[in-house]
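Student: I'm passing along coords-v1.tsv; it holds TSV, C-alpha atoms.
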chain	number	residue	atom	x	y	z
A	1	MET	CA	168.78	200.80	90.18
A	2	LYS	CA	171.03	198.88	87.80
A	3	ALA	CA	169.82	195.47	86.76
A	4	ALA	CA	170.45	192.79	84.15
A	5	ILE	CA	167.54	191.46	82.07
A	6	TYR	CA	166.83	189.53	78.91
A	7	GLN	CA	163.71	189.78	76.78
A	8	GLN	CA	164.29	186.68	74.69
A	9	THR	CA	166.30	183.51	75.18
A	10	GLY	CA	169.59	182.90	73.42
A	11	PRO	CA	173.37	183.35	73.73
A	12	ALA	CA	174.41	185.41	76.75
A	13	ALA	CA	176.14	188.19	74.82
A	14	ASP	CA	173.17	188.54	72.46
A	15	VAL	CA	170.31	188.75	74.94
A	16	LEU	CA	171.60	190.00	78.31
A	17	GLU	CA	171.59	193.77	78.86
A	18	ILE	CA	172.21	196.16	81.75
A	19	VAL	CA	169.30	198.55	82.28
A	20	ASP	CA	168.00	201.17	84.69
A	21	TRP	CA	165.10	199.59	86.58
A	22	ASP	CA	162.67	200.76	89.22
A	23	LYS	CA	163.72	199.83	92.72
A	24	PRO	CA	161.19	197.24	93.96
A	25	THR	CA	158.95	197.61	97.00
A	26	PRO	CA	158.36	194.63	99.30
A	27	ALA	CA	154.82	193.30	99.37
A	28	ALA	CA	153.26	191.52	102.33
A	29	GLY	CA	155.48	188.69	103.52
A	30	GLN	CA	158.50	189.98	101.59
A	31	VAL	CA	161.80	191.67	102.35
A	32	LEU	CA	163.74	194.17	100.24
A	33	VAL	CA	167.44	193.32	100.11
A	34	LYS	CA	170.26	195.60	99.01
A	35	LEU	CA	172.42	193.09	97.18
A	36	HIS	CA	176.18	192.79	97.46
A	37	ALA	CA	176.55	189.64	95.38
A	38	SER	CA	174.54	187.43	93.00
A	39	GLY	CA	175.22	183.74	92.35
A	40	VAL	CA	175.23	182.32	88.81
A	41	ASN	CA	174.08	178.72	88.47
A	42	PRO	CA	173.68	176.34	85.52
A	43	THR	CA	169.91	176.53	85.99
A	44	ASP	CA	170.16	180.29	85.32
A	45	THR	CA	172.25	179.94	82.19
A	46	LYS	CA	170.22	177.07	80.78
A	47	THR	CA	166.99	178.99	81.30
A	48	ARG	CA	168.49	182.02	79.56
A	49	ALA	CA	169.60	179.78	76.67
A	50	GLY	CA	166.08	178.42	76.29
A	51	ILE	CA	166.89	174.89	77.46
A	52	PHE	CA	164.75	175.10	80.61
A	53	PRO	CA	161.22	176.57	80.58
A	54	ILE	CA	160.54	179.92	82.24
A	55	GLN	CA	157.73	179.94	84.80
A	56	GLY	CA	154.71	182.17	84.22
A	57	GLU	CA	154.01	184.88	81.67
A	58	TRP	CA	156.93	187.20	81.02
A	59	SER	CA	157.99	190.23	79.01
A	60	HIS	CA	161.47	190.12	80.52
A	61	VAL	CA	163.52	187.97	82.87
A	62	MET	CA	165.79	189.41	85.55
A	63	PRO	CA	167.86	186.27	86.18
A	64	HIS	CA	169.46	184.48	89.13
A	65	HIS	CA	167.92	182.76	92.10
A	66	ASP	CA	170.69	183.30	94.64
A	67	GLY	CA	172.32	186.31	96.25
A	68	ALA	CA	173.43	187.94	99.48
A	69	GLY	CA	173.07	191.39	100.97
A	70	VAL	CA	171.38	193.42	103.71
A	71	VAL	CA	167.65	193.72	104.41
A	72	GLU	CA	166.69	197.35	103.79
A	73	ALA	CA	162.91	197.22	104.22
A	74	VAL	CA	160.12	194.76	104.97
A	75	GLY	CA	156.54	194.34	103.83
A	76	ALA	CA	153.47	193.82	105.96
A	77	ASP	CA	153.51	190.79	108.25
A	78	VAL	CA	157.34	190.80	108.46
A	79	SER	CA	159.05	191.93	111.66
A	80	GLU	CA	160.90	195.26	111.51
A	81	ASP	CA	163.66	193.48	113.42
A	82	ARG	CA	164.75	192.01	110.10
A	83	VAL	CA	165.87	195.42	108.80
A	84	GLY	CA	169.68	195.53	108.81
A	85	GLN	CA	170.12	191.75	108.80
A	86	ARG	CA	172.81	190.22	106.63
A	87	VAL	CA	171.09	187.51	104.59
A	88	TRP	CA	171.56	185.00	101.81
A	89	LEU	CA	168.73	184.44	99.36
A	90	HIS	CA	167.46	181.39	97.53
A	91	SER	CA	164.83	180.68	94.85
A	92	VAL	CA	164.24	184.39	94.24
A	93	GLN	CA	163.55	184.10	90.50
A	94	TRP	CA	161.32	181.02	90.79
A	95	ASP	CA	157.70	181.43	89.63
A	96	GLY	CA	158.65	184.29	87.32
A	97	ARG	CA	159.73	186.81	89.92
A	98	ASP	CA	162.61	189.21	89.26
A	99	GLY	CA	165.88	187.69	90.41
A	100	THR	CA	169.11	188.82	92.03
A	101	ALA	CA	171.01	190.17	89.00
A	102	ALA	CA	170.39	193.70	90.26
A	103	GLU	CA	171.25	196.16	92.98
A	104	TYR	CA	168.08	195.30	94.91
A	105	ALA	CA	165.73	192.33	95.08
A	106	VAL	CA	162.51	191.46	96.87
A	107	ALA	CA	161.99	187.93	98.11
A	108	PRO	CA	159.70	186.00	100.43
A	109	ALA	CA	160.95	186.58	103.96
A	110	GLU	CA	161.39	182.81	104.41
A	111	ASN	CA	163.81	182.80	101.45
A	112	ALA	CA	166.09	185.31	103.18
A	113	ILE	CA	168.28	183.35	105.60
A	114	VAL	CA	170.46	185.09	108.18
A	115	LEU	CA	174.08	185.09	106.98
A	116	PRO	CA	176.56	184.37	109.80
A	117	GLU	CA	179.00	187.19	110.50
A	118	ASN	CA	181.95	184.92	109.68
A	119	VAL	CA	180.70	184.40	106.11
A	120	SER	CA	181.23	186.93	103.31
A	121	PHE	CA	178.49	188.17	101.00
A	122	GLU	CA	180.32	186.62	98.05
A	123	ALA	CA	180.28	183.23	99.78
A	124	GLY	CA	176.64	183.69	100.77
A	125	ALA	CA	175.69	184.21	97.14
A	126	THR	CA	176.92	180.67	96.38
A	127	PHE	CA	174.54	179.00	98.84
A	128	GLY	CA	170.95	178.99	97.52
A	129	VAL	CA	170.55	176.40	94.78
A	130	PRO	CA	173.91	174.60	95.22
A	131	LEU	CA	174.02	174.34	99.01
A	132	LEU	CA	170.36	173.45	99.49
A	133	THR	CA	170.51	170.91	96.66
A	134	ALA	CA	173.63	169.35	98.16
A	135	TYR	CA	172.12	169.23	101.65
A	136	HIS	CA	168.92	167.53	100.51
A	137	ALA	CA	170.77	165.08	98.25
A	138	VAL	CA	173.00	164.07	101.16
A	139	THR	CA	170.36	163.86	103.89
A	140	MET	CA	167.14	162.76	102.15
A	141	ASP	CA	167.63	159.06	102.95
A	142	GLY	CA	168.44	159.54	106.61
A	143	ALA	CA	171.62	159.16	108.67
A	144	LEU	CA	174.91	158.54	106.87
A	145	ASN	CA	177.26	157.98	109.77
A	146	GLY	CA	179.57	155.08	108.87
A	147	LYS	CA	178.23	154.81	105.32
A	148	THR	CA	179.96	155.40	101.98
A	149	VAL	CA	178.74	158.14	99.65
A	150	LEU	CA	179.65	158.55	95.98
A	151	VAL	CA	179.44	162.17	94.83
A	152	LYS	CA	179.34	162.56	91.07
A	153	GLY	CA	181.00	165.78	89.86
A	154	GLY	CA	182.83	166.39	93.11
A	155	ALA	CA	184.39	169.69	91.99
A	156	GLY	CA	181.13	171.27	90.86
A	157	ALA	CA	179.14	173.76	92.89
A	158	VAL	CA	176.72	171.14	94.27
A	159	GLY	CA	179.33	168.39	94.45
A	160	ASN	CA	181.77	170.47	96.49
A	161	TYR	CA	179.13	171.25	99.09
A	162	ALA	CA	177.83	167.66	99.05
A	163	ILE	CA	181.29	166.36	99.95
A	164	GLN	CA	181.58	168.77	102.87
A	165	ILE	CA	178.11	168.01	104.21
A	166	ALA	CA	178.52	164.25	103.84
A	167	LYS	CA	181.78	164.44	105.79
A	168	GLN	CA	180.05	166.39	108.56
A	169	LYS	CA	177.39	163.66	108.66
A	170	GLY	CA	180.02	160.98	109.25
A	171	ALA	CA	180.26	159.44	105.77
A	172	THR	CA	183.25	158.20	103.82
A	173	VAL	CA	183.21	160.07	100.51
A	174	ILE	CA	184.24	158.95	97.04
A	175	ALA	CA	184.10	161.66	94.34
A	176	THR	CA	184.29	161.50	90.57
A	177	VAL	CA	186.00	164.30	88.64
A	178	SER	CA	187.23	165.01	85.11
A	179	SER	CA	190.71	166.48	85.70
A	180	GLU	CA	193.62	166.56	88.12
A	181	ALA	CA	192.75	170.10	89.22
A	182	LYS	CA	189.18	169.06	89.96
A	183	GLY	CA	190.51	166.08	91.87
A	184	ASP	CA	192.55	168.42	94.06
A	185	ALA	CA	189.41	170.46	94.74
A	186	ALA	CA	187.42	167.36	95.72
A	187	ARG	CA	190.16	166.26	98.09
A	188	ALA	CA	190.31	169.74	99.61
A	189	ALA	CA	186.57	169.49	100.29
A	190	GLY	CA	187.14	166.24	102.19
A	191	ALA	CA	186.80	163.35	99.73
A	192	GLU	CA	188.91	160.38	100.84
A	193	HIS	CA	188.90	158.82	97.38
A	194	VAL	CA	188.86	160.60	94.02
A	195	ILE	CA	188.26	158.92	90.65
A	196	ASP	CA	189.00	160.62	87.32
A	197	TYR	CA	186.25	159.15	85.15
A	198	ARG	CA	188.10	160.10	81.98
A	199	GLU	CA	191.13	158.03	82.99
A	200	ASP	CA	189.80	155.26	85.24
A	201	ASP	CA	187.11	152.59	85.18
A	202	VAL	CA	184.72	154.06	87.74
A	203	ILE	CA	182.93	150.78	88.54
A	204	LEU	CA	186.22	148.92	89.00
A	205	ARG	CA	187.65	151.61	91.27
A	206	VAL	CA	184.49	151.84	93.39
A	207	GLN	CA	184.42	148.07	93.81
A	208	GLU	CA	188.10	148.14	94.85
A	209	ILE	CA	187.53	150.93	97.36
A	210	THR	CA	184.46	149.25	98.90
A	211	ASN	CA	185.89	145.72	98.87
A	212	GLY	CA	183.27	144.65	96.35
A	213	SER	CA	180.20	145.81	98.25
A	214	GLY	CA	179.43	149.06	96.40
A	215	VAL	CA	178.43	152.37	97.97
A	216	ASP	CA	175.45	153.04	100.20
A	217	HIS	CA	174.41	156.35	98.68
A	218	ILE	CA	174.99	158.03	95.30
A	219	ILE	CA	174.52	161.73	94.60
A	220	GLU	CA	173.82	161.88	90.87
A	221	VAL	CA	174.35	165.07	88.85
A	222	ASN	CA	173.67	163.59	85.41
A	223	LEU	CA	171.32	160.62	85.59
A	224	GLY	CA	170.83	160.30	81.84
A	225	ALA	CA	174.53	159.92	81.14
A	226	ASN	CA	175.30	157.72	84.14
A	227	ALA	CA	172.21	155.55	84.71
A	228	MET	CA	173.64	152.42	83.12
A	229	LEU	CA	176.60	152.48	85.52
A	230	LEU	CA	174.52	152.61	88.70
A	231	PRO	CA	173.95	148.85	89.30
A	232	GLY	CA	177.71	148.30	89.29
A	233	LEU	CA	178.33	151.10	91.76
A	234	ILE	CA	175.72	150.70	94.45
A	235	LYS	CA	175.26	148.29	97.32
A	236	ASN	CA	172.18	146.08	97.26
A	237	GLY	CA	169.35	148.21	98.63
A	238	GLY	CA	171.36	151.41	98.22
A	239	PHE	CA	169.93	154.86	97.50
A	240	VAL	CA	170.39	157.25	94.57
A	241	ALA	CA	169.61	160.95	95.02
A	242	ALA	CA	169.14	162.35	91.50
A	243	TYR	CA	168.90	166.09	91.01
A	244	GLY	CA	169.95	166.60	87.38
A	245	SER	CA	170.33	165.18	83.90
A	246	ASP	CA	171.46	166.36	80.49
A	247	ASP	CA	169.38	163.68	78.78
A	248	PHE	CA	165.83	162.99	79.89
A	249	ASP	CA	165.21	160.19	77.40
A	250	ALA	CA	168.26	158.03	78.11
A	251	ALA	CA	168.26	154.26	78.59
A	252	PHE	CA	167.66	152.98	82.11
A	253	PRO	CA	169.04	149.72	83.60
A	254	MET	CA	165.72	148.35	84.84
A	255	VAL	CA	166.91	144.75	85.36
A	256	GLY	CA	170.04	145.83	87.20
A	257	ALA	CA	168.07	148.27	89.32
A	258	ILE	CA	165.63	145.53	90.33
A	259	ILE	CA	168.35	142.99	91.11
A	260	GLN	CA	170.23	145.55	93.21
A	261	GLN	CA	166.95	146.67	94.81
A	262	MET	CA	168.01	150.23	94.16
A	263	ARG	CA	166.01	153.04	95.72
A	264	PHE	CA	165.71	156.45	94.10
A	265	GLY	CA	164.87	159.97	95.20
A	266	PHE	CA	164.21	162.66	92.61
A	267	PHE	CA	163.81	166.31	93.52
A	268	ILE	CA	164.13	169.93	92.48
A	269	VAL	CA	165.16	172.28	95.24
A	270	PHE	CA	162.65	175.00	94.28
A	271	MET	CA	159.71	172.73	95.07
A	272	LEU	CA	160.83	171.23	98.37
A	273	PRO	CA	158.31	171.71	101.21
A	274	ARG	CA	158.81	174.73	103.44
A	275	ALA	CA	159.33	172.52	106.49
A	276	VAL	CA	162.13	170.64	104.73
A	277	LEU	CA	163.84	173.87	103.67
A	278	ARG	CA	163.46	175.35	107.15
A	279	ALA	CA	165.08	172.32	108.79
A	280	ALA	CA	167.87	172.40	106.20
A	281	THR	CA	168.71	176.06	106.70
A	282	GLU	CA	168.68	175.68	110.49
A	283	ASP	CA	171.19	172.83	110.31
A	284	LEU	CA	173.29	174.57	107.66
A	285	THR	CA	173.44	177.76	109.73
A	286	LYS	CA	174.99	175.82	112.62
A	287	MET	CA	177.60	174.31	110.30
A	288	LEU	CA	178.38	177.68	108.71
A	289	GLU	CA	178.77	179.37	112.10
A	290	ALA	CA	181.16	176.58	113.13
A	291	GLY	CA	183.21	177.01	109.94
A	292	GLN	CA	182.41	173.46	108.82
A	293	ILE	CA	181.25	174.49	105.34
A	294	ASN	CA	183.29	176.73	103.08
A	295	ALA	CA	182.47	178.22	99.70
A	296	ARG	CA	184.76	177.62	96.75
A	297	ILE	CA	184.49	180.58	94.38
A	298	HIS	CA	185.80	180.00	90.87
A	299	ALA	CA	185.55	183.63	89.74
A	300	LEU	CA	184.10	187.02	90.65
A	301	PHE	CA	182.78	189.42	88.00
A	302	PRO	CA	181.01	192.78	88.27
A	303	LEU	CA	177.32	192.89	87.36
A	304	GLU	CA	178.22	194.61	84.09
A	305	GLN	CA	180.07	191.43	83.00
A	306	ILE	CA	177.08	189.13	83.49
A	307	ALA	CA	177.24	187.80	79.92
A	308	HIS	CA	180.85	186.73	80.39
A	309	ALA	CA	179.96	185.17	83.76
A	310	HIS	CA	177.22	183.11	82.07
A	311	ASP	CA	179.68	181.95	79.42
A	312	VAL	CA	182.15	180.85	82.10
A	313	VAL	CA	179.46	178.75	83.80
A	314	ASP	CA	178.41	177.24	80.46
A	315	ASP	CA	182.01	176.25	79.72
A	316	ASN	CA	181.71	173.45	82.32
A	317	SER	CA	185.33	173.92	83.38
A	318	THR	CA	184.54	175.81	86.57
A	319	ILE	CA	185.71	174.54	89.93
A	320	GLY	CA	183.23	175.92	92.43
A	321	ASN	CA	180.88	178.85	91.92
A	322	VAL	CA	180.73	181.96	89.74
A	323	VAL	CA	179.57	185.12	91.51
A	324	LEU	CA	178.66	188.64	90.40
A	325	THR	CA	179.58	191.50	92.69
A	326	VAL	CA	177.02	194.28	92.90
A	327	ALA	CA	177.85	197.91	93.66
A	328	GLY	CA	174.60	199.23	95.11
A	329	GLU	CA	173.41	202.82	95.22
Represent the structure of the file as structure tokens.
Tutor:
Amino acid sequence: MKAAIYQQTGPAADVLEIVDWDKPTPAAGQVLVKLHASGVNPTDTKTRAGIFPIQGEWSHVMPHHDGAGVVEAVGADVSEDRVGQRVWLHSVQWDGRDGTAAEYAVAPAENAIVLPENVSFEAGATFGVPLLTAYHAVTMDGALNGKTVLVKGGAGAVGNYAIQIAKQKGATVIATVSSEAKGDAARAAGAEHVIDYREDDVILRVQEITNGSGVDHIIEVNLGANAMLLPGLIKNGGFVAAYGSDDFDAAFPMVGAIIQQMRFGFFIVFMLPRAVLRAATEDLTKMLEAGQINARIHALFPLEQIAHAHDVVDDNSTIGNVVLTVAGE
């Protein structure tokens, strides 16, 4: 089969290569999936660049955690009924396994979620990391009906899904963006209020929108850069779901956090308990079948253009997700 790998970290064009690779065989508890599409996430590109550590011992990395395709075979302890299922995959490359940048991938059966017939493979490849991160960030503090949620980076892959999920959970959504085009995308996802943080005073606008009370719930994409703003944005006793940061040694507003009695939840989607992931995918499947969640794909590239796809993600100008299409055998 055709696959993309890298044997050292560095710039995409320098280290990524397309190779002929042995087609994998599913072990016990695994499924073999013939891939139609592979999702490219910032966690993939940052790992390839050497910014994030790679799990386990490795002589090569076949990147990407997310993808979508059809189950072709199953290992022991997996029902044969799964053969032929359309599925979306998540967390495939975690713990040093080969990922989805290939024509075939093996994954734990629990990481292969049935893809509704009304959803394309390309859309399914955008779910994994972004959709599960968004779902947990929105729901981890309980019900949101009637509450106000601030989604940072509302046009990003996680942010776009977070807006849609928060709306389905009954919240009023405020989103921050960095351009007019990204503002349009956030509004299309369902945000009632959009703030361009490069043009507006975010704290002032949030206080205006909430009549001075602040928001109930913040979904934070870059805690290091934004931590000092949080006390001015959140309601007393409000909750911050933090899933990312570009700076892990940044200043933190301890006094403001105490005065506001802020509550925090930190998480990485790859390490969420199985029961939490199972409940999330069950709820998400219902929303997907009902057409309540829609993927926003920024660009599609063939597998052979993986280096360019990584560069597009790293450019930080994307609106939605970048996906590789895979032409299987």
Student: Which residues are near segment 134-145 of chain A? Cut-off 8 Å, all atoms listed in the file, ignore same chain within fewer than 4 positions. Put them as a count of residues only.
Tutor: 17
Student: Nearest to Ser79 of chain A: which of A:Pro11, A:Gly29, A:Gly154, A:Gly212 is it, counting only C-alpha atoms?
Tutor: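 Comparing A:Pro11, A:Gly29, A:Gly154, A:Gly212 against Ser79 of chain A, the winner is A:Gly29.
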Student: For Pro24 of chain A, find every residue with an atom within 12 Å (counting only C-alpha atoms), except residues of its own chain fewer than 2 positions away, and show them as a list in words.
Tutor: Met1, Lys2, Ala3, Trp21, Asp22, Pro26, Ala27, Gln30, Val31, Leu32, Val33, Lys34, Glu72, Ala73, Val74, Gly75, Arg97, Asp98, Gly99, Thr100, Ala102, Glu103, Tyr104, Ala105, Val106 and Ala107 of chain A
Student: What does the structure give for the distance between atom CA of Asp81 of chain A and atom CA of Pro63 of chain A, in Å to one decimal?
Tutor: 28.5 Å
Student: Would you write out, as a Markdown table, a table of all residues in segment 109-168 of chain A that have an atom no more than 7 Å from an atom of segment 290-298 of chain A, listing for each the closest atom pair and the distance in Å to one decimal, considering only C-alpha atoms and ordering rows by chain and rising residue number?
Tutor:
| residue | atom | partner | partner_atom | distance |
| --- | --- | --- | --- | --- |
| A:Ala123 | CA | A:Ala295 | CA | 5.5 |
| A:Thr126 | CA | A:Ala295 | CA | 6.9 |
| A:Gln164 | CA | A:Ile293 | CA | 6.2 |
Student: Which residue out of A:Gly224, A:Gly156, A:Gly237, A:Gly50 has the minimum interatomic distance to Asn321 of chain A when all atoms listed in the file are used?
Tutor: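 For Asn321 of chain A, the nearest of the candidates is A:Gly156.
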Student: Determine the nearest neighbour of Val70 of chain A from the options A:Ser245, A:Gln85, A:Ser91, A:Asn211, counting all atoms listed in the file.
Tutor: A:Gln85
Student: Which neighbours of Ala13 of chain A fall inside 10 Å, counting only C-alpha atoms, when residues of the same chain fewer than 6 positions from it are skipped, and could you give them as number ranges by chain?
Tutor: A: 305-308, 310-311
Student: Looking at A:Val206, A:Glu110, A:Leu131, A:His90, which one is nearest to Ala275 of chain A, with distances taken over all atoms listed in the file?
Tutor: A:Glu110
Student: Name the closest residue to Gly320 of chain A among the candidates A:Val149, A:Val87, A:Ala299, A:Lys167; distances are taken between atoms, counting all atoms listed in the file.
Tutor: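 Selected residue with least distance to Gly320 of chain A: A:Ala299.
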